[in-house]
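So this block is work.pdb, PDB, C-alpha atoms and all ligand atoms:
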ATOM      1  CA  MET D  18      17.100   2.332  32.648
ATOM      2  CA  ARG D  19      15.205  -0.429  30.849
ATOM      3  CA  VAL D  20      11.557  -0.920  29.965
ATOM      4  CA  TYR D  21      10.185  -4.431  30.519
ATOM      5  CA  VAL D  22       7.042  -5.077  28.478
ATOM      6  CA  THR D  23       5.156  -8.152  29.682
ATOM      7  CA  GLY D  24       2.370  -9.244  27.357
ATOM      8  CA  ASN D  25       1.691 -11.078  24.127
ATOM      9  CA  ILE D  26       3.235 -11.561  20.713
ATOM     10  CA  ALA D  27       1.139 -12.914  17.875
ATOM     11  CA  VAL D  28       0.912 -13.498  14.158
ATOM     12  CA  ASP D  29      -1.659 -11.173  12.538
ATOM     13  CA  GLU D  30      -3.240 -12.750   9.436
ATOM     14  CA  ILE D  31      -5.439 -10.486   7.314
ATOM     15  CA  TRP D  32      -8.045 -12.196   5.128
ATOM     16  CA  SER D  33     -10.245 -10.606   2.492
ATOM     17  CA  ILE D  34     -13.663 -12.322   2.266
ATOM     18  CA  PRO D  35     -16.918 -11.544   0.396
ATOM     19  CA  ASP D  36     -19.020 -11.485   3.576
ATOM     20  CA  ILE D  37     -18.818 -12.533   7.254
ATOM     21  CA  PRO D  38     -19.693 -16.267   7.192
ATOM     22  CA  THR D  39     -22.932 -17.410   8.805
ATOM     23  CA  LYS D  40     -23.146 -20.564  10.956
ATOM     24  CA  GLY D  41     -22.520 -23.702   8.884
ATOM     25  CA  SER D  42     -21.412 -21.840   5.740
ATOM     26  CA  SER D  43     -18.260 -22.508   3.710
ATOM     27  CA  ILE D  44     -16.759 -19.615   1.732
ATOM     28  CA  HIS D  45     -13.680 -18.663  -0.312
ATOM     29  CA  GLY D  46     -11.329 -15.894   0.736
ATOM     30  CA  ASN D  47      -7.827 -14.528   0.158
ATOM     31  CA  LYS D  48      -5.099 -14.208   2.741
ATOM     32  CA  THR D  49      -3.758 -10.724   1.994
ATOM     33  CA  SER D  50      -0.971 -10.323   4.549
ATOM     34  CA  GLN D  51       0.827 -11.747   7.564
ATOM     35  CA  ASP D  52       2.631  -9.592  10.115
ATOM     36  CA  ILE D  53       3.905  -9.539  13.681
ATOM     37  CA  GLY D  54       1.149  -8.446  16.072
ATOM     38  CA  GLY D  55       0.025  -8.470  19.695
ATOM     39  CA  LYS D  56      -0.121  -5.348  21.839
ATOM     40  CA  GLY D  57       2.898  -6.350  23.932
ATOM     41  CA  ALA D  58       5.044  -6.832  20.829
ATOM     42  CA  ASN D  59       3.751  -3.648  19.168
ATOM     43  CA  GLN D  60       4.596  -1.473  22.163
ATOM     44  CA  ALA D  61       8.003  -3.114  22.750
ATOM     45  CA  ILE D  62       8.992  -2.741  19.084
ATOM     46  CA  LEU D  63       8.099   0.952  19.057
ATOM     47  CA  LEU D  64       9.902   1.655  22.350
ATOM     48  CA  SER D  65      13.060  -0.002  21.039
ATOM     49  CA  ARG D  66      12.814   1.913  17.732
ATOM     50  CA  CYS D  67      12.770   5.116  19.838
ATOM     51  CA  GLY D  68      16.119   4.107  21.347
ATOM     52  CA  ILE D  69      14.866   2.738  24.680
ATOM     53  CA  GLU D  70      16.542  -0.421  26.025
ATOM     54  CA  THR D  71      13.597  -2.800  25.903
ATOM     55  CA  THR D  72      12.890  -6.351  27.024
ATOM     56  CA  LEU D  73       9.721  -8.048  25.765
ATOM     57  CA  VAL D  74       8.571 -10.930  27.970
ATOM     58  CA  ALA D  75       6.120 -12.902  25.823
ATOM     59  CA  ALA D  76       5.495 -16.562  25.000
ATOM     60  CA  ILE D  77       6.004 -18.076  21.558
ATOM     61  CA  GLY D  78       4.768 -21.581  20.618
ATOM     62  CA  ASN D  79       6.910 -24.364  19.147
ATOM     63  CA  ASP D  80       5.077 -24.347  15.789
ATOM     64  CA  ASN D  81       6.020 -22.894  12.376
ATOM     65  CA  ASN D  82       4.534 -19.550  13.362
ATOM     66  CA  GLY D  83       6.819 -19.527  16.412
ATOM     67  CA  LYS D  84       9.892 -19.989  14.209
ATOM     68  CA  TRP D  85       8.602 -17.237  11.885
ATOM     69  CA  ILE D  86       8.037 -14.840  14.820
ATOM     70  CA  LYS D  87      11.598 -15.460  16.093
ATOM     71  CA  GLU D  88      13.047 -14.762  12.616
ATOM     72  CA  GLN D  89      11.026 -11.538  12.225
ATOM     73  CA  MET D  90      12.045 -10.261  15.639
ATOM     74  CA  LEU D  91      15.748 -10.490  14.700
ATOM     75  CA  ALA D  92      15.129  -7.294  12.707
ATOM     76  CA  GLU D  93      14.205  -5.409  15.895
ATOM     77  CA  SER D  94      16.761  -4.330  18.497
ATOM     78  CA  LEU D  95      15.022  -5.639  21.598
ATOM     79  CA  GLN D  96      15.590  -8.502  24.014
ATOM     80  CA  LEU D  97      12.934 -11.236  23.751
ATOM     81  CA  LEU D  98      12.420 -13.498  26.788
ATOM     82  CA  PRO D  99      11.963 -16.298  27.730
ATOM     83  CA  ASP D 100      14.375 -17.893  25.290
ATOM     84  CA  THR D 101      12.371 -21.127  25.075
ATOM     85  CA  LEU D 102       9.487 -22.116  22.794
ATOM     86  CA  PHE D 103       6.318 -23.262  24.573
ATOM     87  CA  PRO D 104       4.623 -26.612  23.767
ATOM     88  CA  CYS D 105       1.575 -25.003  22.110
ATOM     89  CA  HIS D 106       0.602 -23.053  19.014
ATOM     90  CA  SER D 107       1.809 -19.444  18.872
ATOM     91  CA  ASP D 108      -0.901 -16.852  19.385
ATOM     92  CA  THR D 109      -2.693 -15.722  16.258
ATOM     93  CA  SER D 110      -5.158 -12.998  15.302
ATOM     94  CA  ILE D 111      -7.136 -13.763  12.178
ATOM     95  CA  ILE D 112      -8.725 -10.582  10.862
ATOM     96  CA  PHE D 113     -11.507 -11.055   8.288
ATOM     97  CA  ASN D 114     -12.287  -7.951   6.194
ATOM     98  CA  SER D 115     -15.558  -8.279   4.260
ATOM     99  CA  ALA D 116     -16.328  -6.519   0.965
ATOM    100  CA  ASP D 117     -18.837  -4.156   2.651
ATOM    101  CA  GLY D 118     -16.108  -2.804   4.999
ATOM    102  CA  ASP D 119     -17.138  -4.827   8.059
ATOM    103  CA  ASN D 120     -14.742  -7.127   9.919
ATOM    104  CA  ALA D 121     -14.566 -10.042  12.347
ATOM    105  CA  ILE D 122     -11.506 -10.999  14.407
ATOM    106  CA  ILE D 123     -10.514 -14.292  16.063
ATOM    107  CA  THR D 124      -7.638 -14.081  18.571
ATOM    108  CA  THR D 125      -5.971 -16.893  20.513
ATOM    109  CA  THR D 126      -4.289 -16.436  23.905
ATOM    110  CA  THR D 127      -2.989 -19.998  24.432
ATOM    111  CA  ALA D 128       0.692 -19.051  24.335
ATOM    112  CA  ALA D 129       0.227 -15.919  26.505
ATOM    113  CA  ASP D 130      -1.735 -18.028  29.016
ATOM    114  CA  SER D 131       1.108 -20.607  29.125
ATOM    115  CA  LEU D 132       3.476 -18.021  30.557
ATOM    116  CA  SER D 133       3.146 -18.310  34.354
ATOM    117  CA  LEU D 134       3.654 -15.510  36.860
ATOM    118  CA  THR D 135       6.783 -17.326  38.103
ATOM    119  CA  GLY D 136       8.102 -17.639  34.542
ATOM    120  CA  ILE D 137       7.628 -13.922  33.976
ATOM    121  CA  THR D 138       9.201 -12.838  37.271
ATOM    122  CA  GLN D 139      12.232 -15.026  36.429
ATOM    123  CA  ALA D 140      12.539 -13.076  33.180
ATOM    124  CA  LEU D 141      12.399  -9.865  35.248
ATOM    125  CA  SER D 142      15.150 -10.985  37.632
ATOM    126  CA  ALA D 143      17.617  -8.334  36.372
ATOM    127  CA  ALA D 144      15.127  -5.459  36.792
ATOM    128  CA  GLN D 145      16.422  -2.541  38.869
ATOM    129  CA  PRO D 146      14.666   0.224  40.844
ATOM    130  CA  GLY D 147      13.729   2.943  38.340
ATOM    131  CA  ASP D 148      13.197   0.478  35.481
ATOM    132  CA  VAL D 149       9.706   0.420  33.980
ATOM    133  CA  LEU D 150       7.154  -2.410  33.845
ATOM    134  CA  LEU D 151       4.570  -1.902  31.087
ATOM    135  CA  GLN D 152       1.514  -4.164  30.819
ATOM    136  CA  GLN D 153      -1.538  -4.376  28.580
ATOM    137  CA  GLY D 154      -4.781  -6.271  29.163
ATOM    138  CA  ASN D 155      -3.929  -9.644  27.657
ATOM    139  CA  PHE D 156      -3.151 -11.455  30.915
ATOM    140  CA  SER D 157      -5.634 -12.522  33.594
ATOM    141  CA  VAL D 158      -6.431 -10.018  36.347
ATOM    142  CA  GLU D 159      -4.507 -12.180  38.882
ATOM    143  CA  LYS D 160      -1.365 -12.382  36.732
ATOM    144  CA  THR D 161      -1.527  -8.656  35.926
ATOM    145  CA  ARG D 162      -1.903  -7.832  39.641
ATOM    146  CA  GLY D 163       0.940 -10.191  40.614
ATOM    147  CA  LEU D 164       3.301  -8.561  38.112
ATOM    148  CA  PHE D 165       2.485  -5.029  39.236
ATOM    149  CA  ALA D 166       2.950  -6.053  42.898
ATOM    150  CA  PHE D 167       6.348  -7.608  42.003
ATOM    151  CA  ALA D 168       7.358  -4.417  40.154
ATOM    152  CA  LYS D 169       6.317  -2.104  43.010
ATOM    153  CA  ALA D 170       8.284  -4.235  45.499
ATOM    154  CA  ARG D 171      11.336  -3.806  43.216
ATOM    155  CA  GLY D 172      10.933  -0.009  43.059
ATOM    156  CA  MET D 173       9.969  -0.089  39.376
ATOM    157  CA  ILE D 174       7.690   2.437  37.637
ATOM    158  CA  THR D 175       4.438   0.742  36.588
ATOM    159  CA  VAL D 176       2.548   1.611  33.400
ATOM    160  CA  PHE D 177      -0.851   0.097  32.534
ATOM    161  CA  ASN D 178      -2.693   0.134  29.214
ATOM    162  CA  PRO D 179      -5.754  -2.018  30.124
ATOM    163  CA  SER D 180      -6.633  -3.172  26.620
ATOM    164  CA  PRO D 181      -8.363  -5.554  25.902
ATOM    165  CA  VAL D 182     -10.372  -4.265  28.865
ATOM    166  CA  LYS D 183     -11.704  -6.367  31.772
ATOM    167  CA  ALA D 184     -13.969  -4.740  34.420
ATOM    168  CA  ALA D 185     -11.869  -6.185  37.290
ATOM    169  CA  PHE D 186      -8.806  -4.220  36.119
ATOM    170  CA  ALA D 187     -10.436  -1.358  38.070
ATOM    171  CA  GLU D 188      -9.081  -3.044  41.261
ATOM    172  CA  LEU D 189      -5.463  -2.482  40.200
ATOM    173  CA  TRP D 190      -5.125   1.320  40.160
ATOM    174  CA  SER D 191      -3.315   1.505  43.521
ATOM    175  CA  LEU D 192      -0.431  -0.446  41.887
ATOM    176  CA  VAL D 193      -0.191   1.801  38.812
ATOM    177  CA  ASP D 194       1.949   4.948  38.361
ATOM    178  CA  ILE D 195       1.019   5.808  34.762
ATOM    179  CA  ALA D 196      -2.302   4.804  33.152
ATOM    180  CA  VAL D 197      -3.013   5.137  29.438
ATOM    181  CA  LEU D 198      -6.586   4.365  28.331
ATOM    182  CA  ASN D 199      -8.970   5.266  25.539
ATOM    183  CA  GLN D 200     -12.291   6.950  26.406
ATOM    184  CA  HIS D 201     -14.262   3.680  26.530
ATOM    185  CA  GLU D 202     -11.755   2.004  28.859
ATOM    186  CA  ALA D 203     -11.661   5.122  31.066
ATOM    187  CA  ALA D 204     -15.477   5.194  31.313
ATOM    188  CA  LEU D 205     -15.545   1.544  32.438
ATOM    189  CA  LEU D 206     -12.513   1.484  34.745
ATOM    190  CA  LYS D 207     -12.641   5.003  36.274
ATOM    191  CA  PRO D 208      -8.901   5.307  36.989
ATOM    192  CA  GLU D 209      -9.083   7.437  40.159
ATOM    193  CA  GLY D 210      -5.965   8.183  42.186
ATOM    194  CA  VAL D 211      -3.404   7.296  39.497
ATOM    195  CA  LYS D 212      -0.535   9.808  39.550
ATOM    196  CA  THR D 213      -0.311  10.231  35.780
ATOM    197  CA  LEU D 214      -3.395   9.585  33.659
ATOM    198  CA  VAL D 215      -3.615   9.862  29.866
ATOM    199  CA  VAL D 216      -6.957   9.361  28.124
ATOM    200  CA  THR D 217      -6.844   9.128  24.324
ATOM    201  CA  HIS D 218      -9.773  10.427  22.266
ATOM    202  CA  GLY D 219      -9.091   8.915  18.817
ATOM    203  CA  SER D 220      -8.903  11.477  16.015
ATOM    204  CA  GLN D 221      -9.575  14.320  18.486
ATOM    205  CA  GLY D 222      -6.409  13.935  20.565
ATOM    206  CA  ALA D 223      -5.456  13.000  24.119
ATOM    207  CA  LEU D 224      -5.839  14.412  27.625
ATOM    208  CA  LEU D 225      -3.042  14.414  30.251
ATOM    209  CA  LYS D 226      -3.857  14.693  33.952
ATOM    210  CA  ALA D 227      -0.780  14.750  36.179
ATOM    211  CA  PRO D 228       0.180  16.623  39.360
ATOM    212  CA  ASP D 229       0.655  20.281  38.343
ATOM    213  CA  ASN D 230       0.258  19.359  34.687
ATOM    214  CA  GLU D 231      -3.042  19.125  32.834
ATOM    215  CA  ALA D 232      -3.110  19.472  29.052
ATOM    216  CA  PHE D 233      -5.084  18.434  25.978
ATOM    217  CA  CYS D 234      -3.019  17.608  22.904
ATOM    218  CA  ARG D 235      -4.942  17.702  19.627
ATOM    219  CA  ALA D 236      -4.404  14.860  17.158
ATOM    220  CA  ILE D 237      -2.570  15.671  13.918
ATOM    221  CA  ALA D 238      -5.038  15.995  11.020
ATOM    222  CA  VAL D 239      -4.218  13.252   8.496
ATOM    223  CA  THR D 240      -6.151  11.132   6.015
ATOM    224  CA  ALA D 241      -6.788   8.021   8.072
ATOM    225  CA  VAL D 242      -6.090   4.850   6.068
ATOM    226  CA  ASP D 243      -6.074   2.333   8.955
ATOM    227  CA  SER D 244      -6.151   3.413  12.598
ATOM    228  CA  THR D 245      -5.195  -0.021  13.999
ATOM    229  CA  GLY D 246      -2.107   0.330  16.171
ATOM    230  CA  ALA D 247      -2.604   4.077  16.789
ATOM    231  CA  GLY D 248      -3.013   3.476  20.525
ATOM    232  CA  ASP D 249       0.123   1.298  20.768
ATOM    233  CA  THR D 250       2.157   3.850  18.813
ATOM    234  CA  PHE D 251       0.874   6.711  20.955
ATOM    235  CA  LEU D 252       1.666   4.993  24.261
ATOM    236  CA  ALA D 253       5.146   3.777  23.313
ATOM    237  CA  VAL D 254       6.323   7.072  21.832
ATOM    238  CA  MET D 255       4.839   9.141  24.689
ATOM    239  CA  LEU D 256       6.660   6.977  27.249
ATOM    240  CA  ALA D 257       9.908   6.987  25.253
ATOM    241  CA  SER D 258       9.811  10.772  24.824
ATOM    242  CA  ALA D 259       9.564  11.332  28.581
ATOM    243  CA  LEU D 260      12.134   8.641  29.492
ATOM    244  CA  LEU D 261      14.704   9.920  26.974
ATOM    245  CA  ARG D 262      14.367  13.450  28.452
ATOM    246  CA  HIS D 263      14.372  12.116  32.073
ATOM    247  CA  THR D 264      11.072  13.895  32.779
ATOM    248  CA  GLU D 265       7.559  12.966  33.826
ATOM    249  CA  ILE D 266       4.960  12.556  31.062
ATOM    250  CA  ASP D 267       4.383  16.114  29.774
ATOM    251  CA  LYS D 268       2.724  17.942  26.890
ATOM    252  CA  LEU D 269       5.783  17.479  24.646
ATOM    253  CA  ALA D 270       5.579  13.713  25.194
ATOM    254  CA  LEU D 271       1.935  13.807  24.048
ATOM    255  CA  THR D 272       2.914  15.945  21.037
ATOM    256  CA  HIS D 273       5.596  13.430  19.983
ATOM    257  CA  ALA D 274       3.094  10.604  20.522
ATOM    258  CA  SER D 275       0.426  12.320  18.383
ATOM    259  CA  GLN D 276       2.914  12.843  15.547
ATOM    260  CA  ALA D 277       3.984   9.191  15.617
ATOM    261  CA  ALA D 278       0.370   7.912  15.841
ATOM    262  CA  ALA D 279      -0.549  10.098  12.847
ATOM    263  CA  ILE D 280       2.125   8.262  10.806
ATOM    264  CA  THR D 281       0.639   4.884  11.820
ATOM    265  CA  VAL D 282      -2.961   5.843  10.935
ATOM    266  CA  SER D 283      -1.946   7.272   7.563
ATOM    267  CA  ARG D 284      -0.630   3.863   6.361
ATOM    268  CA  ALA D 285      -2.241   0.458   5.792
ATOM    269  CA  GLY D 286      -1.597  -2.398   8.232
ATOM    270  CA  THR D 287      -0.294  -2.405  11.794
ATOM    271  CA  TYR D 288       3.357  -3.533  12.121
ATOM    272  CA  SER D 289       4.031  -2.456   8.530
ATOM    273  CA  ALA D 290       2.530   0.979   9.304
ATOM    274  CA  PHE D 291       4.665   1.722  12.361
ATOM    275  CA  PRO D 292       7.154   4.600  12.059
ATOM    276  CA  SER D 293      10.745   3.558  11.343
ATOM    277  CA  ILE D 294      13.782   4.243  13.544
ATOM    278  CA  SER D 295      14.785   7.215  11.359
ATOM    279  CA  GLU D 296      11.263   8.697  11.433
ATOM    280  CA  LEU D 297      11.115   8.351  15.219
ATOM    281  CA  THR D 298      14.617   9.738  15.735
ATOM    282  CA  ALA D 299      13.764  12.827  13.659
ATOM    283  CA  LEU D 300      10.434  13.313  15.417
ATOM    284  CA  LEU D 301      11.861  12.958  18.941
ATOM    285  CA  GLN D 302      14.589  15.531  18.225
ATOM    286  CA  ASN D 303      12.024  18.320  17.697
TER     287      ASN D 303
HETATM  288  P1  LIG D 401      -6.319   1.354  18.846
HETATM  289  O1  LIG D 401      -7.199   1.495  17.632
HETATM  290  O2  LIG D 401      -4.882   1.194  18.489
HETATM  291  O3  LIG D 401      -6.817   0.361  19.862
HETATM  292  P2  LIG D 401      -6.902   3.272  20.955
HETATM  293  O4  LIG D 401      -8.388   3.172  21.044
HETATM  294  O5  LIG D 401      -6.084   2.684  22.040
HETATM  295  O6  LIG D 401      -6.379   2.806  19.540
HETATM  296  P3  LIG D 401      -7.150   6.022  20.097
HETATM  297  O7  LIG D 401      -7.752   6.932  21.115
HETATM  298  O8  LIG D 401      -8.027   5.572  18.971
HETATM  299  O9  LIG D 401      -6.462   4.812  20.865
HETATM  300  O10 LIG D 401      -5.885   6.743  19.419
HETATM  301  C1  LIG D 401      -4.700   7.039  20.116
HETATM  302  C2  LIG D 401      -4.088   8.301  19.554
HETATM  303  O11 LIG D 401      -3.785   8.102  18.162
HETATM  304  C3  LIG D 401      -5.008   9.522  19.592
HETATM  305  O12 LIG D 401      -4.910  10.206  20.833
HETATM  306  C4  LIG D 401      -4.475  10.347  18.420
HETATM  307  O13 LIG D 401      -3.341  11.117  18.799
HETATM  308  C5  LIG D 401      -4.021   9.279  17.425
HETATM  309  N1  LIG D 401      -5.092   9.009  16.430
HETATM  310  C6  LIG D 401      -6.045   8.055  16.481
HETATM  311  N2  LIG D 401      -6.865   8.131  15.402
HETATM  312  C7  LIG D 401      -6.396   9.160  14.653
HETATM  313  C8  LIG D 401      -6.792   9.760  13.399
HETATM  314  N3  LIG D 401      -7.841   9.298  12.712
HETATM  315  N4  LIG D 401      -6.075  10.796  12.934
HETATM  316  C9  LIG D 401      -4.983  11.272  13.607
HETATM  317  N5  LIG D 401      -4.564  10.750  14.786
HETATM  318  C10 LIG D 401      -5.250   9.722  15.306
END

Let me see the structure of the file written as structure tokens.
Ligand code: ATP
Amino acid sequence: MRVYVTGNIAVDEIWSIPDIPTKGSSIHGNKTSQDIGGKGANQAILLSRCGIETTLVAAIGNDNNGKWIKEQMLAESLQLLPDTLFPCHSDTSIIFNSADGDNAIITTTTAADSLSLTGITQALSAAQPGDVLLQQGNFSVEKTRGLFAFAKARGMITVFNPSPVKAAFAELWSLVDIAVLNQHEAALLKPEGVKTLVVTHGSQGALLKAPDNEAFCRAIAVTAVDSTGAGDTFLAVMLASALLRHTEIDKLALTHASQAAAITVSRAGTYSAFPSISELTALLQN
């Protein structure tokens, strides 16, 4: 059984600046860190660190950032497809943190948009019935729909985390087996009729609604340093916990996910805050 994550991979650049610039202004700032980012990459990395055979289908540009992304990903035990570099800049998220604690984020999707539906389905050619297709909200509604339709026709299990959210994602629920959303996404998209639904409630916890199984799992109380990436950690570890035990998503899967997400929120950064293989192995054995 293999999980195919189709989505984006990006370079996250964190900048410290005195204040959010106004139109026409020119300011000084410091670049404080650079890490792998993108929701597709985050979720694929965490699944593979849990011991799940994982393929990430995401586009990388043929620029210096693309070479850097490829080098960084050698440290992770996942398959990255397609094997080619695209004739564009790699996707980037530039995160500006101002001195008063506010932020502004600029994200590109040029590389993710370059990956066509045909290109992605070619990368999924080895997928078998029972394998999993996991998508986030970084593709267009049409591409997201096309991939779920392809996966259903193959007998795959479909998992949708519709973030960043688009209102038209609400049309896709009939193609989704497992939906994972935060409260705001759930309020907008009203995921009715999905077999397994998980709604996360930030520092409060997460709610599972599945046939014969409804449970609320409280979040682990920790001092939150940086909650970015909590949702990606939660989803990946919840899915891995259930897949490794050959069960449906259950309360134990949410418990494992909450423990892993608590590790991520208690550390600074996103990729650098993710739990390690040894932390995840220990956590999933309990
Ligand atoms: P993200 O910020 O990554 O987009 P999200 O909005 O998708 O997150 P959240 O609902 O904020 O998802 O969080 C997902 C899970 O992470 C929660 O259900 C909870 O278990 C855990 N979590 C989030 N924030 C905290 C916190 N401050 N303390 C402990 N656990 C947390």

**Study point:** Which residue of D:Asp29, D:Asp243, D:Glu265, D:Glu296 approaches D:Ile195 most closely, using all atoms listed in the file
**Key:** D:Glu265

Exercise for review: Grab the atom CA of D:Ala116 to atom CA of D:Gly46 distance for me, in Å with one decimal place.
Suggested key: 10.6 Å

Exercise for review: Please provide the set of residues having any atom within 12 Å of D:Met18, restricted to all atoms listed in the file, with same-chain residues fewer than 4 positions apart removed, written as a PyMOL selection string.
Suggested key: chain D and resi 68-72+143-150+173-174+257+260-261+263

Exercise for review: Rank D:Thr245, D:Ser65, D:Asn155, D:Thr109 by their smallest atom-to-atom distance to D:Leu95, using only C-alpha atoms, and report the top residue only.
Suggested key: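 Closest to D:Leu95 of all the choices is D:Ser65.
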
For the interface of chain D with ligand LIG 401 (chain D) (cut-off 7 Å, counting only C-alpha atoms and all ligand atoms), please tabulate each contacting residue of chain D alongside its nearest pair of atoms and their separation in Å to one decimal, rows sorted by chain and increasing number, as a Markdown table.
| residue | atom | partner | partner_atom | distance |
| --- | --- | --- | --- | --- |
| D:Leu198 | CA | D:LIG401 | O5 | 6.5 |
| D:Asn199 | CA | D:LIG401 | O7 | 4.9 |
| D:Gln200 | CA | D:LIG401 | O7 | 7.0 |
| D:Thr217 | CA | D:LIG401 | O7 | 4.0 |
| D:His218 | CA | D:LIG401 | O7 | 4.2 |
| D:Gly219 | CA | D:LIG401 | O7 | 3.3 |
| D:Ser220 | CA | D:LIG401 | C7 | 3.7 |
| D:Gln221 | CA | D:LIG401 | C4 | 6.5 |
| D:Gly222 | CA | D:LIG401 | O12 | 4.0 |
| D:Ala223 | CA | D:LIG401 | O12 | 4.3 |
| D:Arg235 | CA | D:LIG401 | O13 | 6.8 |
| D:Ala236 | CA | D:LIG401 | O13 | 4.2 |
| D:Ile237 | CA | D:LIG401 | C9 | 5.0 |
| D:Ala238 | CA | D:LIG401 | C9 | 5.4 |
| D:Val239 | CA | D:LIG401 | N4 | 5.4 |
| D:Thr240 | CA | D:LIG401 | N4 | 6.9 |
| D:Ala241 | CA | D:LIG401 | N3 | 4.9 |
| D:Ser244 | CA | D:LIG401 | O1 | 5.5 |
| D:Thr245 | CA | D:LIG401 | O1 | 4.4 |
| D:Gly246 | CA | D:LIG401 | O2 | 3.7 |
| D:Ala247 | CA | D:LIG401 | O2 | 4.0 |
| D:Gly248 | CA | D:LIG401 | O5 | 3.5 |
| D:Asp249 | CA | D:LIG401 | O2 | 5.5 |
| D:Phe251 | CA | D:LIG401 | C2 | 5.4 |
| D:Ala274 | CA | D:LIG401 | O13 | 6.7 |
| D:Ser275 | CA | D:LIG401 | O13 | 4.0 |
| D:Ala278 | CA | D:LIG401 | O11 | 4.8 |
| D:Ala279 | CA | D:LIG401 | N5 | 4.5 |
| D:Val282 | CA | D:LIG401 | C8 | 6.0 |

Practice item. Name the residues captured by the PyMOL selection byres (((chain D and resi 98) around 7) and not hetatm) when it is applied to the shown file; answer as a list in words. Key: Leu73, Val74, Ala75, Gln96, Leu97, Pro99, Asp100 and Ala140 of chain D

Point to revise | Distance of atom CA of D:Ala253 from atom CA of D:Phe167, expressed in Å to one decimal place | key: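 Interatomic distance here is 21.9 Å.
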
Point to revise | Target residues per the PyMOL selection byres (((chain D and resi 92) around 12) and not hetatm), formatted as a ChimeraX atom specification | key: /D:53,62,65-66,85-91,93-97,293-294

**Study point:** Distance of atom CA of D:Thr138 from atom CA of D:Ile77, expressed in Å to one decimal place
**Key:**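 Atom CA of D:Thr138 lies at a distance of 16.9 Å from atom CA of D:Ile77.
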
Expected axis-aligned box over every listed atom of stretch 282-292 of chain D, 4 Å added per side, centre plus edges in Å to one decimal, as AutoDock Vina command-line options:
--center_x 2.1 --center_y 1.9 --center_z 9.1 --size_x 18.1 --size_y 18.8 --size_z 14.6

Practice item. Mind checking which residues fall within 8 Å of D:Ala76, counting all atoms listed in the file, ignoring those fewer than 6 positions away in the same chain, and posting them as an NGL selection string? Key: :D and (25-26 or 98-99 or 102-103 or 107 or 128-129 or 131-132)

**Study point:** Matched chain/residue IDs from the PyMOL selection byres (((chain D and resi 213) around 10) and not hetatm), as a ChimeraX atom specification
**Key:** /D:176,193-197,208,210-212,214-215,225-228,230-231,265-267

Exercise for review: For each of D:Leu63, D:Ile112, D:Ala259, D:Thr264, take the minimum atom-to-atom distance to D:Pro292, counting only C-alpha atoms, then give the residue where this is smallest.
Suggested key: D:Leu63

Point to revise | Spatial neighbours of D:Asn303, 12 Å, all atoms listed in the file, chain gap at least 5 places, as a list of chain:residue names | key: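 Returned residues: D:Ser258, D:Leu269, D:Ala270, D:Thr272, D:His273, D:Gln276, D:Glu296, D:Leu297, D:Thr298.
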
Practice item. Pick out the closest residue to D:Ile44 from this set: D:Thr281, D:Ser115, D:Asp229, D:Val22. Count only C-alpha atoms. Key: D:Ser115
